[in-house]
Every structure is written in structure tokens, then in C-alpha cells.
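Structure file work02.csv (CSV, C-alpha atoms) is printed below.
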```csv
chain,number,residue,atom,x,y,z
A,127,MET,CA,36.0,70.4,-47.1
A,128,TRP,CA,33.7,67.5,-48.1
A,129,LEU,CA,36.3,65.0,-46.9
A,130,LYS,CA,36.6,66.8,-43.6
A,131,MET,CA,32.9,66.6,-43.0
A,132,MET,CA,32.8,62.9,-43.8
A,133,PHE,CA,35.7,62.3,-41.4
A,134,LEU,CA,33.9,64.2,-38.6
A,135,MET,CA,30.7,62.2,-39.2
A,136,ALA,CA,32.6,58.9,-39.0
A,137,ILE,CA,34.2,59.9,-35.7
A,138,MET,CA,30.8,60.9,-34.3
A,139,PHE,CA,29.2,57.6,-35.4
A,140,ALA,CA,32.1,55.6,-33.9
A,141,ILE,CA,31.7,57.5,-30.6
A,142,GLY,CA,28.0,56.9,-30.6
A,143,LYS,CA,28.4,53.2,-31.3
A,144,SER,CA,31.1,52.9,-28.6
A,145,THR,CA,28.7,54.6,-26.1
A,146,THR,CA,25.9,52.3,-27.1
A,147,LEU,CA,28.0,49.2,-26.7
A,148,ALA,CA,29.3,50.4,-23.3
A,149,ALA,CA,25.8,51.0,-22.2
A,150,ASP,CA,24.7,47.6,-23.4
A,151,ASN,CA,27.6,45.9,-21.6
A,152,CYS,CA,26.7,47.8,-18.5
A,153,ASN,CA,23.0,46.7,-18.8
A,154,ILE,CA,24.1,43.0,-19.3
A,155,LYS,CA,26.3,43.2,-16.2
A,156,ASN,CA,23.4,44.6,-14.2
A,157,LEU,CA,21.1,41.9,-15.5
A,158,THR,CA,23.4,39.0,-14.6
A,159,PRO,CA,22.4,38.7,-10.9
A,160,ASP,CA,18.7,38.8,-12.0
A,161,VAL,CA,19.2,36.0,-14.5
A,162,THR,CA,21.0,33.9,-11.8
A,163,ARG,CA,18.2,34.5,-9.3
A,164,LEU,CA,15.6,33.6,-12.0
A,165,GLN,CA,17.4,30.4,-12.9
A,166,ALA,CA,17.6,29.4,-9.2
A,167,ALA,CA,13.9,30.2,-8.7
A,168,LEU,CA,13.0,28.1,-11.8
A,169,ALA,CA,15.0,25.2,-10.5
A,170,THR,CA,13.4,25.4,-7.1
A,171,GLN,CA,9.9,25.6,-8.7
A,172,LYS,CA,10.7,22.6,-10.8
A,173,GLU,CA,11.6,20.6,-7.7
A,174,THR,CA,8.5,21.8,-6.0
A,175,ASN,CA,6.3,20.9,-8.9
A,176,GLU,CA,7.9,17.4,-9.1
A,177,PHE,CA,7.3,16.9,-5.3
A,178,VAL,CA,3.7,18.0,-5.6
A,179,LYS,CA,3.2,15.8,-8.6
A,180,ASN,CA,4.5,12.8,-6.7
A,181,GLU,CA,2.4,13.5,-3.7
A,182,LEU,CA,-0.7,13.9,-5.8
A,183,ASN,CA,0.0,10.6,-7.6
A,184,MET,CA,0.4,8.8,-4.2
A,185,LEU,CA,-2.8,10.4,-2.9
A,186,LYS,CA,-4.7,9.3,-6.0
A,187,ARG,CA,-3.4,5.7,-5.6
A,188,TYR,CA,-4.3,5.7,-1.9
A,189,LEU,CA,-7.9,7.0,-2.6
A,190,ALA,CA,-8.3,4.6,-5.5
A,191,GLY,CA,-9.8,2.0,-3.0
A,192,PRO,CA,-10.5,-1.2,-4.8
A,193,LYS,CA,-7.8,-0.4,-7.4
A,194,ALA,CA,-5.3,-0.8,-4.5
A,195,CYS,CA,-6.2,-4.5,-4.3
A,196,PRO,CA,-5.6,-7.2,-6.9
A,197,LYS,CA,-8.7,-7.9,-8.9
A,198,GLU,CA,-9.4,-11.2,-7.3
A,199,PHE,CA,-9.7,-9.6,-3.8
A,200,VAL,CA,-12.6,-7.8,-2.2
A,201,TYR,CA,-11.9,-4.5,-0.5
A,202,ASN,CA,-13.2,-3.2,2.8
A,203,PRO,CA,-12.6,0.6,3.0
A,204,SER,CA,-13.3,0.9,6.7
A,205,LEU,CA,-10.9,-1.9,7.6
A,206,GLN,CA,-8.4,-0.8,4.9
A,207,SER,CA,-7.8,-4.4,3.9
A,208,CYS,CA,-8.2,-6.6,0.8
A,209,TYR,CA,-9.4,-10.2,1.1
A,210,LEU,CA,-9.2,-13.3,-1.0
A,211,PHE,CA,-11.3,-16.4,-0.3
A,212,ILE,CA,-9.4,-19.6,-1.4
A,213,ALA,CA,-12.1,-21.8,-2.8
A,214,TYR,CA,-10.2,-25.1,-2.5
A,215,GLU,CA,-8.9,-27.0,0.5
A,216,ARG,CA,-5.2,-27.0,1.5
A,217,THR,CA,-3.1,-27.4,4.6
A,218,TRP,CA,-2.4,-24.3,6.7
A,219,TYR,CA,1.1,-24.2,5.3
A,220,GLN,CA,0.0,-24.6,1.7
A,221,ALA,CA,-2.7,-22.0,2.1
A,222,ARG,CA,-0.1,-19.5,3.5
A,223,GLN,CA,2.1,-20.1,0.5
A,224,ILE,CA,-0.9,-19.4,-1.8
A,225,CYS,CA,-1.6,-16.2,0.0
A,226,ARG,CA,2.1,-15.1,-0.3
A,227,ALA,CA,2.0,-15.9,-4.0
A,228,HIS,CA,-0.7,-13.2,-4.2
A,229,GLN,CA,1.5,-10.8,-2.1
A,230,ALA,CA,-0.8,-11.3,0.9
A,231,ASP,CA,-0.8,-13.5,4.0
A,232,LEU,CA,-3.4,-15.5,5.9
A,233,ALA,CA,-6.1,-13.2,7.4
A,234,SER,CA,-5.7,-11.9,10.9
A,235,VAL,CA,-9.1,-11.1,12.4
A,236,GLU,CA,-8.3,-8.4,14.9
A,237,SER,CA,-11.7,-6.9,15.7
A,238,GLN,CA,-15.4,-7.8,15.9
A,239,ALA,CA,-16.0,-5.6,12.9
A,240,GLU,CA,-13.6,-7.7,10.8
A,241,HIS,CA,-15.1,-11.0,12.0
A,242,VAL,CA,-18.6,-9.8,11.2
A,243,TYR,CA,-17.5,-8.6,7.8
A,244,LEU,CA,-15.9,-11.9,6.8
A,245,THR,CA,-18.7,-13.9,8.2
A,246,GLY,CA,-21.2,-11.8,6.3
A,247,ILE,CA,-19.4,-12.4,3.0
A,248,ILE,CA,-19.2,-16.1,3.6
A,249,THR,CA,-22.9,-16.5,4.6
A,250,LEU,CA,-24.2,-14.4,1.8
A,251,ASP,CA,-22.3,-16.2,-1.0
A,252,ALA,CA,-23.5,-19.8,-1.7
A,253,SER,CA,-20.1,-20.7,-3.2
A,254,LEU,CA,-18.4,-19.8,0.1
A,255,ARG,CA,-21.0,-20.9,2.6
A,256,GLY,CA,-20.7,-24.2,4.6
A,257,TYR,CA,-16.9,-24.5,4.7
A,258,GLN,CA,-14.1,-24.0,7.2
A,259,TYR,CA,-11.5,-21.3,6.7
A,260,PHE,CA,-7.9,-21.1,8.0
A,261,LEU,CA,-6.7,-17.8,9.5
A,262,SER,CA,-3.2,-16.8,10.3
A,263,GLY,CA,-3.5,-17.6,14.0
A,264,SER,CA,-1.1,-20.2,15.6
A,265,ASP,CA,0.4,-21.2,18.9
A,266,ALA,CA,3.2,-23.3,17.2
A,267,LYS,CA,5.9,-21.2,18.9
A,268,LYS,CA,4.6,-21.7,22.4
A,269,GLU,CA,1.6,-23.8,23.4
A,270,GLY,CA,-1.3,-21.6,24.5
A,271,GLN,CA,0.2,-18.3,23.3
A,272,TRP,CA,-1.7,-17.5,20.2
A,273,ILE,CA,-0.4,-15.0,17.7
A,274,TRP,CA,-1.3,-13.8,14.3
A,275,THR,CA,1.6,-15.1,12.2
A,276,SER,CA,1.1,-12.4,9.6
A,277,THR,CA,1.9,-9.7,12.1
A,278,ASN,CA,3.5,-11.6,15.0
A,279,LYS,CA,1.0,-9.9,17.3
A,280,PRO,CA,-0.7,-11.7,20.2
A,281,PHE,CA,-4.4,-12.1,20.1
A,282,GLU,CA,-6.3,-9.2,21.6
A,283,TYR,CA,-9.7,-9.8,20.1
A,284,THR,CA,-10.9,-13.5,20.1
A,285,ARG,CA,-13.9,-15.3,18.8
A,286,TRP,CA,-13.4,-18.8,20.1
A,287,GLY,CA,-16.2,-21.3,19.9
A,288,THR,CA,-17.5,-23.1,23.0
A,289,ASN,CA,-14.8,-25.2,24.7
A,290,GLU,CA,-12.2,-23.7,22.3
A,291,PRO,CA,-9.2,-23.8,22.0
A,292,SER,CA,-8.9,-27.5,22.8
A,293,SER,CA,-5.8,-29.6,22.2
A,294,HIS,CA,-7.3,-33.0,23.0
A,295,GLY,CA,-5.8,-36.0,21.2
A,296,TYR,CA,-3.3,-34.4,18.9
A,297,PRO,CA,-1.5,-31.1,18.4
A,298,LYS,CA,-3.8,-28.3,17.3
A,299,GLU,CA,-1.6,-25.3,16.5
A,300,CYS,CA,-3.7,-23.5,13.8
A,301,VAL,CA,-6.9,-21.5,13.8
A,302,MET,CA,-9.9,-21.8,11.5
A,303,MET,CA,-13.3,-20.2,11.2
A,304,TYR,CA,-15.6,-23.2,12.0
A,305,HIS,CA,-18.9,-23.3,10.1
A,306,PRO,CA,-21.0,-25.5,12.6
A,307,VAL,CA,-20.6,-22.9,15.3
A,308,GLY,CA,-21.4,-19.8,13.3
A,309,TYR,CA,-17.8,-19.4,12.0
A,310,ASN,CA,-16.5,-18.8,15.5
A,311,TRP,CA,-12.9,-20.1,15.9
A,312,ALA,CA,-11.5,-23.5,16.6
A,313,ASP,CA,-7.9,-24.8,16.9
A,314,VAL,CA,-7.1,-27.6,14.5
A,315,GLY,CA,-4.1,-29.5,13.2
A,316,CYS,CA,-2.1,-27.4,10.7
A,317,THR,CA,-1.8,-30.4,8.3
A,318,THR,CA,-5.6,-30.9,8.0
A,319,ILE,CA,-7.1,-29.4,4.9
A,320,TYR,CA,-9.6,-26.5,4.7
A,321,ARG,CA,-10.2,-23.4,2.7
A,322,ALA,CA,-8.5,-20.2,3.7
A,323,ILE,CA,-8.8,-16.4,3.7
A,324,CYS,CA,-5.9,-14.3,2.5
A,325,GLU,CA,-5.5,-10.6,3.5
A,326,ILE,CA,-3.6,-7.6,2.3
A,327,ASN,CA,-3.6,-5.1,5.2
A,328,LEU,CA,-3.1,-1.6,3.6
A,329,GLN,CA,-2.5,0.0,7.0
A,330,GLN,CA,0.6,-2.2,7.5
A,331,ARG,CA,1.7,-2.3,3.9
A,332,SER,CA,1.9,0.8,1.7
A,333,PRO,CA,-0.7,0.8,-1.1
A,334,PHE,CA,1.7,2.8,-3.2
A,335,ILE,CA,4.1,0.0,-3.7
A,336,GLY,CA,3.8,-2.3,-6.6
```

Could you spell out this file's structure in C-alpha cells?
Amino acid sequence: MWLKMMFLMAIMFAIGKSTTLAADNCNIKNLTPDVTRLQAALATQKETNEFVKNELNMLKRYLAGPKACPKEFVYNPSLQSCYLFIAYERTWYQARQICRAHQADLASVESQAEHVYLTGIITLDASLRGYQYFLSGSDAKKEGQWIWTSTNKPFEYTRWGTNEPSSHGYPKECVMMYHPVGYNWADVGCTTIYRAICEINLQQRSPFIG
């Protein structure tokens, strides 16, 4: 009798265990689609978070202002440009090479605001005042057709001095800011030596590179 009872209890336990396992298997099968969707959602969220992170980093770098410029440069937020004043005299070609070594180019003065800004910096700094400064302007490609070589754009804004440009006596294919006439422009020979202004235009070159 005792053995019979033990046998019946064993059968009942086995049936219960089998039922539980079957139920568990059923629940796992039911959960599988949810797990798949959750994994897909997590993967999408990860991509979204990475995109947002990259966008925020780019925005921070853009809003950094002066940090977007090399430390030797001065930054003008309204013009979105960085400027470097070369404090020694070189030919126009040499000056341009110096600017390019700084990942810049000779400055292109494309508005009155830009001219006034650069003139202001020069006149307020005793170490800059009283010198001539090369810009990127040139008519070397075609006489009389002045372009900014840093952008290959023709002049729209100009600030020529009286009787300038003038090509009397010898070729004058480069532009400088001329101190004796209030830093208005004059055309000069490209192999003469003057100081120069370099520019990094952040509107034309992404500030997030480098």
C-alpha cells in the first residue's frame, strides 16, 4: 500500500513538472517577439544617441568661437573669420606660403565692415601701425580683372586709394593696404616685400575639421 502511494505521488509530481515546463516553454516562445523588438529598439536608440552626441559635439565646437582659430589668430565673430598679422616683410608669394603653413590664406577684404575691422586692429596696435599689408587680391590672370585668389571671386567691394589701381612703370599685380592713404588699397609688384594678413574664413571652411 505504501509503495502504491509513493508511486502515485511520483506520477503526480512528474505530471506537474511537465506541465510547468510546457508552460515555461510557451511563455518563452511568446516572449521571443518582444525580446526581438526590444533589441531592435535598443539598437535604434544607440544610433540615435550617437548621432545626437556627434551633433552636439559639432555644435559645441562651432560655438567655441576663438577656440575655432589657432591661438596666434584673432577672431571676429560677426565676420566669422580668424586673422593673423604677419609681423615681418615678405614678397606676396612668400606671404601666401606662410599663410598656407597656418592652414589659412591671404586675407580677402570683401566688405566695408571687414576693412574697418582690420584697419582698426592695425591702427590701435603700435606694433602693427605704420606698415603696408598684402591681401589676396591679384590681377595676374588677366590685367585689370581683380580677384581674391583665396576664393577666386572677383572684387565686389573695393577700397582703392586715389588714382588706384595704377600700373605705371612696371607690372603691379598684387594688392596691399597702403598706410599713407589710411590703409586704402594700392596695386604693387608681387615681388616687393611688405607685411601681410592671413585669414581663415570659417564660413567657407568647416570649423569642425582639424

Can you measure CA of Gln229 in chain A to CA of Glu215 in chain A for me? One decimal in Å is fine. 19.4 Å

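Comparing A:Ile273, A:Leu261, A:Ile248, A:Ala227 by their smallest distance to His305 in chain A, the closest is A:Ile248 (using only C-alpha atoms).
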
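What separates CA of Pro280 in chain A from CA of Gln220 in chain A is a distance of 22.6 Å.
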
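For Trp311 in chain A, the list of residues within 7 Å, based on only C-alpha atoms and with local chain neighbours fewer than 5 positions off taken out, reads Arg285, Trp286, Gly287, Val301, Met302, Met303 and Tyr304 of chain A.
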
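The spacing separating CA of Asp265 in chain A from CA of Cys300 in chain A amounts to 6.9 Å.
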
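Using all atoms listed in the file, the shortest contact distance between Trp218 in chain A and any of A:Val307, A:Ala252, A:Ala194, A:Leu232 is found at A:Leu232.
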
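Take the candidates A:Val235, A:Ala266, A:Cys324, A:Cys195 and check each one against Leu210 in chain A using all atoms listed in the file; the shortest distance goes to A:Cys324.
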
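Among A:Gln238, A:Asn202, A:Gln258, A:Ser253, the residue with the shortest atom-to-atom distance to Ile323 in chain A, counting only C-alpha atoms, is A:Gln258.
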
When you look at Arg216 in chain A with a cut-off of 10 Å (counting only C-alpha atoms), what residues show up, excluding the ones that are within fewer than 3 positions of it in the same chain? I need them as a ChimeraX atom specification. /A:212-213,219-222,224,259-260,316-322

Selection file, C-alpha atoms, as a PDB file, in the coordinates of the input:
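New file result32.pdb:
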```
ATOM      1  CA  ILE A 212      -9.400 -19.600  -1.400  1.00  0.00           C
ATOM      2  CA  ALA A 213     -12.100 -21.800  -2.800  1.00  0.00           C
ATOM      3  CA  TYR A 219       1.100 -24.200   5.300  1.00  0.00           C
ATOM      4  CA  GLN A 220       0.000 -24.600   1.700  1.00  0.00           C
ATOM      5  CA  ALA A 221      -2.700 -22.000   2.100  1.00  0.00           C
ATOM      6  CA  ARG A 222      -0.100 -19.500   3.500  1.00  0.00           C
ATOM      7  CA  ILE A 224      -0.900 -19.400  -1.800  1.00  0.00           C
ATOM      8  CA  TYR A 259     -11.500 -21.300   6.700  1.00  0.00           C
ATOM      9  CA  PHE A 260      -7.900 -21.100   8.000  1.00  0.00           C
ATOM     10  CA  CYS A 316      -2.100 -27.400  10.700  1.00  0.00           C
ATOM     11  CA  THR A 317      -1.800 -30.400   8.300  1.00  0.00           C
ATOM     12  CA  THR A 318      -5.600 -30.900   8.000  1.00  0.00           C
ATOM     13  CA  ILE A 319      -7.100 -29.400   4.900  1.00  0.00           C
ATOM     14  CA  TYR A 320      -9.600 -26.500   4.700  1.00  0.00           C
ATOM     15  CA  ARG A 321     -10.200 -23.400   2.700  1.00  0.00           C
ATOM     16  CA  ALA A 322      -8.500 -20.200   3.700  1.00  0.00           C
TER      17      ALA A 322
END
```

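Using all atoms listed in the file, the shortest contact distance between Cys208 in chain A and any of A:Ser237, A:Asn327, A:Thr284, A:Thr277 is found at A:Asn327.
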
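Each of A:Tyr283, A:Trp272, A:Tyr214, A:Tyr209 was compared to Asp313 in chain A using all atoms listed in the file, and A:Trp272 turns out to be the nearest.
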